[in-house]
$ cat my_file-v1.pdb   # PDB, C-alpha atoms, pLDDT in the B column
ATOM      1  CA  MET L  14      -2.579 -15.942   5.123  1.00 41.00           C
ATOM      2  CA  ALA L  15      -5.893 -15.428   6.856  1.00 44.00           C
ATOM      3  CA  ALA L  16      -8.611 -14.225   4.532  1.00 46.00           C
ATOM      4  CA  GLY L  17      -9.777 -11.639   7.051  1.00 48.00           C
ATOM      5  CA  GLY L  18      -6.547  -9.666   7.176  1.00 51.00           C
ATOM      6  CA  GLY L  19      -3.128  -9.788   8.710  1.00 51.00           C
ATOM      7  CA  LEU L  20      -2.356 -11.127  12.117  1.00 48.00           C
ATOM      8  CA  PHE L  21      -0.851  -8.719  14.608  1.00 47.00           C
ATOM      9  CA  ARG L  22       0.785 -11.007  17.171  1.00 46.00           C
ATOM     10  CA  THR L  23       3.962 -12.853  16.342  1.00 52.00           C
ATOM     11  CA  ASP L  24       5.111 -13.441  19.912  1.00 57.00           C
ATOM     12  CA  GLY L  25       3.085 -16.577  20.545  1.00 55.00           C
ATOM     13  CA  GLY L  26       0.154 -14.742  22.093  1.00 52.00           C
ATOM     14  CA  VAL L  27      -3.438 -14.943  20.983  1.00 52.00           C
ATOM     15  CA  LYS L  28      -3.655 -13.954  17.313  1.00 51.00           C
ATOM     16  CA  THR L  29      -6.509 -11.736  16.208  1.00 58.00           C
ATOM     17  CA  SER L  30      -7.537 -10.372  12.852  1.00 69.00           C
ATOM     18  CA  SER L  31      -7.664  -6.668  12.051  1.00 79.00           C
ATOM     19  CA  GLY L  32     -10.972  -7.245  10.277  1.00 87.00           C
ATOM     20  CA  LEU L  33      -9.660  -5.771   7.026  1.00 93.00           C
ATOM     21  CA  ASP L  34     -11.065  -7.444   3.912  1.00 94.00           C
ATOM     22  CA  ILE L  35      -8.246  -7.912   1.404  1.00 93.00           C
ATOM     23  CA  GLY L  36      -9.930 -10.723  -0.480  1.00 92.00           C
ATOM     24  CA  ASP L  37     -10.496  -8.883  -3.776  1.00 95.00           C
ATOM     25  CA  ALA L  38      -8.744 -10.987  -6.444  1.00 96.00           C
ATOM     26  CA  ALA L  39      -7.759  -7.815  -8.326  1.00 97.00           C
ATOM     27  CA  ILE L  40      -5.377  -6.939  -5.467  1.00 97.00           C
ATOM     28  CA  GLN L  41      -3.316 -10.107  -5.861  1.00 97.00           C
ATOM     29  CA  GLU L  42      -3.539  -9.946  -9.660  1.00 97.00           C
ATOM     30  CA  GLY L  43      -2.179  -6.404  -9.640  1.00 98.00           C
ATOM     31  CA  TRP L  44       0.578  -7.204  -7.148  1.00 98.00           C
ATOM     32  CA  SER L  45       1.591 -10.238  -9.220  1.00 97.00           C
ATOM     33  CA  LYS L  46       2.062  -7.943 -12.214  1.00 97.00           C
ATOM     34  CA  VAL L  47       4.259  -5.563 -10.204  1.00 97.00           C
ATOM     35  CA  ARG L  48       6.392  -8.499  -9.020  1.00 97.00           C
ATOM     36  CA  ALA L  49       6.646 -10.209 -12.436  1.00 96.00           C
ATOM     37  CA  ASP L  50       9.885  -9.486 -14.310  1.00 93.00           C
ATOM     38  CA  GLY L  51       8.208  -9.508 -17.729  1.00 92.00           C
ATOM     39  CA  GLU L  52       5.419  -7.059 -16.868  1.00 95.00           C
ATOM     40  CA  PRO L  53       5.702  -3.262 -17.250  1.00 96.00           C
ATOM     41  CA  GLU L  54       3.803  -2.441 -14.033  1.00 97.00           C
ATOM     42  CA  THR L  55       5.952  -1.020 -11.244  1.00 97.00           C
ATOM     43  CA  TRP L  56       3.407   0.109  -8.643  1.00 98.00           C
ATOM     44  CA  LEU L  57      -0.007  -0.659  -7.189  1.00 98.00           C
ATOM     45  CA  LEU L  58      -2.227   1.564  -5.056  1.00 98.00           C
ATOM     46  CA  LEU L  59      -5.105   0.352  -2.898  1.00 98.00           C
ATOM     47  CA  THR L  60      -7.780   2.413  -1.216  1.00 97.00           C
ATOM     48  CA  TYR L  61     -10.787   1.786   0.982  1.00 97.00           C
ATOM     49  CA  GLU L  62     -14.148   0.641  -0.286  1.00 96.00           C
ATOM     50  CA  GLY L  63     -16.212   1.268   2.806  1.00 95.00           C
ATOM     51  CA  LYS L  64     -14.564   1.155   6.211  1.00 94.00           C
ATOM     52  CA  ALA L  65     -12.908  -2.261   6.225  1.00 95.00           C
ATOM     53  CA  LYS L  66     -12.322  -3.386   2.646  1.00 97.00           C
ATOM     54  CA  LEU L  67      -9.511  -2.548   0.234  1.00 97.00           C
ATOM     55  CA  LYS L  68      -9.820  -2.308  -3.541  1.00 98.00           C
ATOM     56  CA  VAL L  69      -7.376  -1.493  -6.332  1.00 98.00           C
ATOM     57  CA  HIS L  70      -7.219   2.259  -6.891  1.00 98.00           C
ATOM     58  CA  ALA L  71      -4.521   2.312  -9.588  1.00 97.00           C
ATOM     59  CA  LEU L  72      -1.897   0.089 -11.205  1.00 98.00           C
ATOM     60  CA  GLY L  73       0.871   1.790 -13.113  1.00 97.00           C
ATOM     61  CA  SER L  74       4.111   1.411 -14.990  1.00 95.00           C
ATOM     62  CA  GLY L  75       5.319   4.972 -14.773  1.00 87.00           C
ATOM     63  CA  SER L  76       7.597   6.958 -12.551  1.00 90.00           C
ATOM     64  CA  ALA L  77       7.191   8.386  -9.078  1.00 93.00           C
ATOM     65  CA  GLU L  78       5.367  11.355 -10.619  1.00 93.00           C
ATOM     66  CA  ASP L  79       2.755   9.002 -12.075  1.00 95.00           C
ATOM     67  CA  LEU L  80       2.246   7.269  -8.746  1.00 96.00           C
ATOM     68  CA  LEU L  81       2.014  10.616  -6.928  1.00 96.00           C
ATOM     69  CA  GLY L  82      -0.484  11.861  -9.505  1.00 96.00           C
ATOM     70  CA  SER L  83      -2.811   9.026  -8.491  1.00 96.00           C
ATOM     71  CA  LEU L  84      -2.920  10.191  -4.862  1.00 96.00           C
ATOM     72  CA  ASP L  85      -5.263  12.782  -3.432  1.00 92.00           C
ATOM     73  CA  ASP L  86      -5.450  14.485  -0.062  1.00 92.00           C
ATOM     74  CA  ASP L  87      -8.882  13.145   0.862  1.00 95.00           C
ATOM     75  CA  GLN L  88      -8.088   9.418   0.952  1.00 96.00           C
ATOM     76  CA  ILE L  89      -5.765   6.889   2.521  1.00 97.00           C
ATOM     77  CA  PHE L  90      -3.691   4.668   0.263  1.00 98.00           C
ATOM     78  CA  PHE L  91      -1.816   1.419   0.722  1.00 98.00           C
ATOM     79  CA  GLY L  92       0.146  -0.394  -1.943  1.00 98.00           C
ATOM     80  CA  GLY L  93       3.511  -1.498  -3.177  1.00 97.00           C
ATOM     81  CA  LEU L  94       6.198  -0.695  -5.707  1.00 97.00           C
ATOM     82  CA  ARG L  95       9.266  -2.111  -7.413  1.00 96.00           C
ATOM     83  CA  THR L  96      12.454  -0.061  -7.007  1.00 94.00           C
ATOM     84  CA  LYS L  97      15.133   0.387  -9.658  1.00 91.00           C
ATOM     85  CA  GLU L  98      17.120  -2.284  -7.785  1.00 92.00           C
ATOM     86  CA  ASN L  99      14.192  -4.747  -8.105  1.00 92.00           C
ATOM     87  CA  LYS L 100      13.323  -4.563  -4.419  1.00 95.00           C
ATOM     88  CA  PHE L 101       9.692  -4.405  -3.392  1.00 97.00           C
ATOM     89  CA  LEU L 102       8.467  -1.817  -0.909  1.00 97.00           C
ATOM     90  CA  ALA L 103       5.073  -1.427   0.717  1.00 97.00           C
ATOM     91  CA  VAL L 104       3.581   2.062   0.682  1.00 97.00           C
ATOM     92  CA  MET L 105       1.084   3.928   2.844  1.00 97.00           C
ATOM     93  CA  CYS L 106       0.012   7.525   2.366  1.00 97.00           C
ATOM     94  CA  MET L 107      -2.581   9.297   4.469  1.00 96.00           C
ATOM     95  CA  GLY L 108      -4.173  12.259   2.752  1.00 93.00           C
ATOM     96  CA  GLU L 109      -3.999  15.455   4.771  1.00 93.00           C
ATOM     97  CA  ASN L 110      -7.765  15.886   4.575  1.00 95.00           C
ATOM     98  CA  ALA L 111      -8.590  12.313   5.633  1.00 95.00           C
ATOM     99  CA  GLY L 112     -10.579  12.344   8.853  1.00 94.00           C
ATOM    100  CA  GLY L 113      -9.198  11.371  12.238  1.00 95.00           C
ATOM    101  CA  MET L 114     -11.313   8.227  12.504  1.00 95.00           C
ATOM    102  CA  ALA L 115     -10.208   7.092   9.037  1.00 95.00           C
ATOM    103  CA  ARG L 116      -6.566   7.713   9.978  1.00 95.00           C
ATOM    104  CA  GLY L 117      -6.935   5.669  13.157  1.00 95.00           C
ATOM    105  CA  ARG L 118      -8.638   2.835  11.294  1.00 95.00           C
ATOM    106  CA  ALA L 119      -5.862   2.887   8.681  1.00 95.00           C
ATOM    107  CA  ALA L 120      -3.212   2.669  11.402  1.00 94.00           C
ATOM    108  CA  ALA L 121      -4.964  -0.432  12.757  1.00 94.00           C
ATOM    109  CA  HIS L 122      -5.195  -1.917   9.242  1.00 95.00           C
ATOM    110  CA  LYS L 123      -1.642  -1.117   8.139  1.00 95.00           C
ATOM    111  CA  ASN L 124      -0.139  -4.507   9.048  1.00 93.00           C
ATOM    112  CA  ALA L 125      -2.908  -6.419   7.280  1.00 93.00           C
ATOM    113  CA  ALA L 126      -2.628  -4.286   4.152  1.00 95.00           C
ATOM    114  CA  ILE L 127       1.152  -4.637   3.975  1.00 93.00           C
ATOM    115  CA  ASN L 128       1.039  -8.369   4.750  1.00 92.00           C
ATOM    116  CA  ALA L 129      -1.281  -8.844   1.770  1.00 92.00           C
ATOM    117  CA  LEU L 130       1.593  -7.812  -0.519  1.00 95.00           C
ATOM    118  CA  GLU L 131       4.048 -10.658  -0.150  1.00 94.00           C
ATOM    119  CA  GLY L 132       7.734 -10.116  -0.729  1.00 95.00           C
ATOM    120  CA  THR L 133       8.096  -6.529   0.453  1.00 95.00           C
ATOM    121  CA  ALA L 134      11.441  -5.697   2.034  1.00 94.00           C
ATOM    122  CA  GLY L 135      10.597  -2.311   3.498  1.00 94.00           C
ATOM    123  CA  GLU L 136       8.066   0.477   3.428  1.00 95.00           C
ATOM    124  CA  VAL L 137       7.536   4.078   2.419  1.00 96.00           C
ATOM    125  CA  CYS L 138       4.951   5.793   4.629  1.00 96.00           C
ATOM    126  CA  GLY L 139       3.785   9.363   4.954  1.00 95.00           C
ATOM    127  CA  GLY L 140       1.244  11.173   7.066  1.00 93.00           C
ATOM    128  CA  SER L 141       0.628  13.551   4.155  1.00 94.00           C
ATOM    129  CA  LYS L 142       1.238  13.575   0.423  1.00 93.00           C
ATOM    130  CA  GLU L 143       4.137  15.983   0.975  1.00 94.00           C
ATOM    131  CA  GLU L 144       5.829  13.730   3.551  1.00 95.00           C
ATOM    132  CA  PHE L 145       5.183  10.669   1.379  1.00 96.00           C
ATOM    133  CA  THR L 146       6.745  12.440  -1.631  1.00 95.00           C
ATOM    134  CA  GLU L 147       9.910  13.202   0.361  1.00 95.00           C
ATOM    135  CA  LYS L 148      10.257   9.604   1.542  1.00 95.00           C
ATOM    136  CA  LEU L 149       9.496   8.198  -1.913  1.00 95.00           C
ATOM    137  CA  ALA L 150      12.363  10.261  -3.347  1.00 94.00           C
ATOM    138  CA  GLN L 151      14.739   8.393  -1.014  1.00 92.00           C
ATOM    139  CA  ALA L 152      13.452   4.960  -2.125  1.00 90.00           C
ATOM    140  CA  ASP L 153      15.275   4.779  -5.507  1.00 87.00           C
ATOM    141  CA  PHE L 154      11.972   4.394  -7.331  1.00 88.00           C
TER
END
$ encode --input "my_file-v1.pdb" --output "structure tokens"
Amino acid sequence: MAAGGGLFRTDGGVKTSSGLDIGDAAIQEGWSKVRADGEPETWLLLTYEGKAKLKVHALGSGSAEDLLGSLDDDQIFFGGLRTKENKFLAVMCMGENAGGMARGRAAAHKNAAINALEGTAGEVCGGSKEEFTEKLAQADF
């Protein structure tokens, strides 16, 4: 994987980077714990540090309520989780109070953020915490 973020084109065209910095070792360390069978962690949340870099926001072993308690309406979150069926899903939640420019930037960075979490088989995304909560309830988490 490119160190500068995910690649958007998969059709043979010119590949370009989103410019998202996902190089923080704590991201891969946290995701490895979520994916490891012997570890208690079941979810990882990432948030922005500046405009084009992700950092670990929270790593948890609790339920959906614990994950939701780590979200707020002023930020944008990416991450991943392990379902009860041991499937891995990418997550993205845009806080309702996040600005329009931040939302647009997050939309452009979504592929890079999700590609950083290898092994995901689907995604749970919401344009607000309320929408994300509804979709998370359907994910068997």
$ atom_distance --input "my_file-v1.pdb" --atom1 "CA of Ala121 in chain L" --atom2 "CA of Ser76 in chain L"
29.2 Å
$ residues_around --input "my_file-v1.pdb" --residues "Ser83 in chain L" --least-positions-apart "5" --cutoff "10 Å" --atoms "only C-alpha atoms" --output "VMD selection string"
chain L and resid 58 70 to 73 78 90
$ residues_around --input "my_file-v1.pdb" --residues "Glu42 in chain L" --least-positions-apart "3" --cutoff "12 Å" --atoms "all atoms listed in the file" --output "PyMOL selection string"
chain L and resi 36-39+45-49+52+54+57+68-69+72+129-130
$ resolve_selection --input "my_file-v1.pdb" --expression "the PyMOL selection byres ((chain L and resi 99) around 10)" --output "ChimeraX atom specification"
/L:48,50,55,94-98,100-102,153-154
$ residues_near_point --input "my_file-v1.pdb" --point "(-9.8, 2.5, 1.4)" --cutoff "9 Å" --atoms "all atoms listed in the file" --output "list in words"
Leu59, Thr60, Tyr61, Glu62, Gly63, Lys64, Ala65, Lys66, Leu67, Lys68, His70, Gln88, Ile89, Phe90, Phe91, Ala115 and Ala119 of chain L
$ closest_residue --input "my_file-v1.pdb" --among "L:Gly112, L:Gly92, L:Gly117, L:Gly82" --to "Glu136 in chain L" --atoms "only C-alpha atoms"
L:Gly92
$ closest_residue --input "my_file-v1.pdb" --among "L:Gln151, L:Asn128, L:Asn110, L:Ser141" --to "Gln41 in chain L" --atoms "only C-alpha atoms"
L:Asn128
